[in-house]
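One structure is given here, and the rest of the page talks about it.
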Amino acid sequence: MMKTPTGRVALTALLTLLLLTGCTAVDASSLPDTDTTPNAAPAAIEGDTDEDGELSEFEKQVLARNAPRDITLHDGSVIVVTPGEPLPQPVIDQIVADAAPGAAQAQTDDEFAPMAGMRSIREVATSYANQFDRTVVIVYWGFGAWGTVSSVDESGGTGLAGSSDLDAMVTAATDWAGSHDAYVVVVE
């Protein structure tokens, strides 16, 4: 170490210079924020099943399919139908009212009326299925037995055989609907 007064002055001057040039006031906004972590996970996005931080087209379609729907009844009132939950009674009542004329036709002895009645019931089922974005199965009396018509395809069939027992048919239709994400409505 230097023992001369000049050496001490030089060392003091050097230290002072280093302090003045190297240790200046720092703006606090330029300091890193210690409260956030650089690897923080993004906020969860509803419907983002693969958790990649964005919704794919498929995920958007699933969200839309499972979104509640406003159904306007014939009297002008609006009822919310939530997929995965039972249909509200006013909606069931309206489907029954719309399908009843077809069910009545299906019970006649006229040669062509029963088929026309079944087509009418299928049209009602399809109309509501389009609104709900879910299959609709209608249980009705026709051709001498309880049967079903669905909105699945042109045939309107569920593959269930007719039955003289309403409870048995409703149980079978409900089981079928459970595996096909469908609603069941009974027209008595």
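Residues in the structure tokens are named by chain (A, B, ... in the order shown) and by number from 1 within that chain; ligands are numbered from 1 in the order shown.
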(request) Name the residues in contact with Ala177 in chain A at a cut-off of 12 Å, using only C-alpha atoms, excluding same-chain residues fewer than 2 positions from it; report them as a ChimeraX atom specification. (result) /A:84,86,134-139,148-152,158-160,169-175,179-185
(message) Considering only strand (DSSP E) as DSSP defines it on the backbone, what residues of range 55-136 of chain A qualify? List them as a list in words.
(response) Arg69, Asp70, Ile71, Thr72, Val78, Ile79, Val80, Val81, Thr135 and Val136 of chain A
How about saving the chosen residues, all heavy atoms kept, as a PDB file, in the first residue's frame?
```pdb
ATOM      1  N   ARG A  69     -78.614 -21.592 -24.138  1.00  0.00           N
ATOM      2  CA  ARG A  69     -79.334 -21.038 -25.280  1.00  0.00           C
ATOM      3  C   ARG A  69     -80.645 -20.421 -24.843  1.00  0.00           C
ATOM      4  O   ARG A  69     -81.342 -20.969 -23.995  1.00  0.00           O
ATOM      5  CB  ARG A  69     -79.636 -22.157 -26.269  1.00  0.00           C
ATOM      6  CG  ARG A  69     -78.358 -22.691 -26.875  1.00  0.00           C
ATOM      7  CD  ARG A  69     -78.591 -23.889 -27.690  1.00  0.00           C
ATOM      8  NE  ARG A  69     -77.508 -24.441 -28.426  1.00  0.00           N
ATOM      9  CZ  ARG A  69     -76.237 -24.446 -28.156  1.00  0.00           C
ATOM     10  NH1 ARG A  69     -75.792 -23.832 -27.131  1.00  0.00           N
ATOM     11  NH2 ARG A  69     -75.351 -25.036 -28.921  1.00  0.00           N
ATOM     12  N   ASP A  70     -80.943 -19.298 -25.432  1.00  0.00           N
ATOM     13  CA  ASP A  70     -82.239 -18.662 -25.209  1.00  0.00           C
ATOM     14  C   ASP A  70     -83.225 -19.241 -26.217  1.00  0.00           C
ATOM     15  O   ASP A  70     -83.006 -19.161 -27.427  1.00  0.00           O
ATOM     16  CB  ASP A  70     -82.147 -17.145 -25.416  1.00  0.00           C
ATOM     17  CG  ASP A  70     -81.340 -16.463 -24.325  1.00  0.00           C
ATOM     18  OD1 ASP A  70     -81.147 -17.064 -23.258  1.00  0.00           O
ATOM     19  OD2 ASP A  70     -80.910 -15.316 -24.546  1.00  0.00           O
ATOM     20  N   ILE A  71     -84.307 -19.822 -25.714  1.00  0.00           N
ATOM     21  CA  ILE A  71     -85.350 -20.388 -26.572  1.00  0.00           C
ATOM     22  C   ILE A  71     -86.586 -19.517 -26.413  1.00  0.00           C
ATOM     23  O   ILE A  71     -87.073 -19.316 -25.298  1.00  0.00           O
ATOM     24  CB  ILE A  71     -85.669 -21.847 -26.160  1.00  0.00           C
ATOM     25  CG1 ILE A  71     -84.402 -22.705 -26.176  1.00  0.00           C
ATOM     26  CG2 ILE A  71     -86.766 -22.425 -27.033  1.00  0.00           C
ATOM     27  CD1 ILE A  71     -83.728 -22.810 -27.523  1.00  0.00           C
ATOM     28  N   THR A  72     -87.056 -18.980 -27.515  1.00  0.00           N
ATOM     29  CA  THR A  72     -88.258 -18.148 -27.485  1.00  0.00           C
ATOM     30  C   THR A  72     -89.471 -19.045 -27.686  1.00  0.00           C
ATOM     31  O   THR A  72     -89.586 -19.753 -28.696  1.00  0.00           O
ATOM     32  CB  THR A  72     -88.205 -17.076 -28.583  1.00  0.00           C
ATOM     33  OG1 THR A  72     -87.008 -16.299 -28.388  1.00  0.00           O
ATOM     34  CG2 THR A  72     -89.418 -16.168 -28.500  1.00  0.00           C
ATOM     35  N   VAL A  78     -88.957 -15.961 -23.095  1.00  0.00           N
ATOM     36  CA  VAL A  78     -87.659 -16.549 -23.406  1.00  0.00           C
ATOM     37  C   VAL A  78     -87.232 -17.423 -22.228  1.00  0.00           C
ATOM     38  O   VAL A  78     -87.259 -16.995 -21.080  1.00  0.00           O
ATOM     39  CB  VAL A  78     -86.605 -15.445 -23.664  1.00  0.00           C
ATOM     40  CG1 VAL A  78     -85.233 -16.057 -23.903  1.00  0.00           C
ATOM     41  CG2 VAL A  78     -87.017 -14.590 -24.854  1.00  0.00           C
ATOM     42  N   ILE A  79     -86.850 -18.643 -22.535  1.00  0.00           N
ATOM     43  CA  ILE A  79     -86.410 -19.612 -21.538  1.00  0.00           C
ATOM     44  C   ILE A  79     -84.976 -19.998 -21.875  1.00  0.00           C
ATOM     45  O   ILE A  79     -84.644 -20.229 -23.043  1.00  0.00           O
ATOM     46  CB  ILE A  79     -87.293 -20.884 -21.562  1.00  0.00           C
ATOM     47  CG1 ILE A  79     -88.753 -20.548 -21.332  1.00  0.00           C
ATOM     48  CG2 ILE A  79     -86.788 -21.918 -20.571  1.00  0.00           C
ATOM     49  CD1 ILE A  79     -89.093 -20.104 -19.936  1.00  0.00           C
ATOM     50  N   VAL A  80     -84.122 -20.086 -20.861  1.00  0.00           N
ATOM     51  CA  VAL A  80     -82.734 -20.495 -21.068  1.00  0.00           C
ATOM     52  C   VAL A  80     -82.638 -22.009 -20.924  1.00  0.00           C
ATOM     53  O   VAL A  80     -83.091 -22.579 -19.929  1.00  0.00           O
ATOM     54  CB  VAL A  80     -81.798 -19.796 -20.053  1.00  0.00           C
ATOM     55  CG1 VAL A  80     -80.365 -20.303 -20.213  1.00  0.00           C
ATOM     56  CG2 VAL A  80     -81.848 -18.294 -20.223  1.00  0.00           C
ATOM     57  N   VAL A  81     -82.056 -22.632 -21.932  1.00  0.00           N
ATOM     58  CA  VAL A  81     -81.796 -24.063 -21.910  1.00  0.00           C
ATOM     59  C   VAL A  81     -80.285 -24.231 -21.778  1.00  0.00           C
ATOM     60  O   VAL A  81     -79.532 -23.729 -22.612  1.00  0.00           O
ATOM     61  CB  VAL A  81     -82.311 -24.752 -23.195  1.00  0.00           C
ATOM     62  CG1 VAL A  81     -81.869 -26.206 -23.247  1.00  0.00           C
ATOM     63  CG2 VAL A  81     -83.820 -24.646 -23.281  1.00  0.00           C
ATOM     64  N   THR A 135     -79.573 -33.753 -29.847  1.00  0.00           N
ATOM     65  CA  THR A 135     -80.598 -34.639 -30.387  1.00  0.00           C
ATOM     66  C   THR A 135     -81.828 -34.582 -29.487  1.00  0.00           C
ATOM     67  O   THR A 135     -81.714 -34.485 -28.267  1.00  0.00           O
ATOM     68  CB  THR A 135     -80.057 -36.077 -30.460  1.00  0.00           C
ATOM     69  OG1 THR A 135     -78.895 -36.077 -31.293  1.00  0.00           O
ATOM     70  CG2 THR A 135     -81.091 -37.037 -31.006  1.00  0.00           C
ATOM     71  N   VAL A 136     -82.999 -34.644 -30.102  1.00  0.00           N
ATOM     72  CA  VAL A 136     -84.262 -34.686 -29.365  1.00  0.00           C
ATOM     73  C   VAL A 136     -84.970 -35.986 -29.734  1.00  0.00           C
ATOM     74  O   VAL A 136     -85.114 -36.307 -30.912  1.00  0.00           O
ATOM     75  CB  VAL A 136     -85.163 -33.477 -29.708  1.00  0.00           C
ATOM     76  CG1 VAL A 136     -86.532 -33.612 -29.044  1.00  0.00           C
ATOM     77  CG2 VAL A 136     -84.487 -32.185 -29.269  1.00  0.00           C
TER      78      VAL A 136
END
```
(request) Identify which of the residues A:Ile95, A:Ala168, A:Phe143, A:Gly76 lies closest to Phe112 in chain A, counting only C-alpha atoms when measuring atom-to-atom distances. (result) A:Phe143
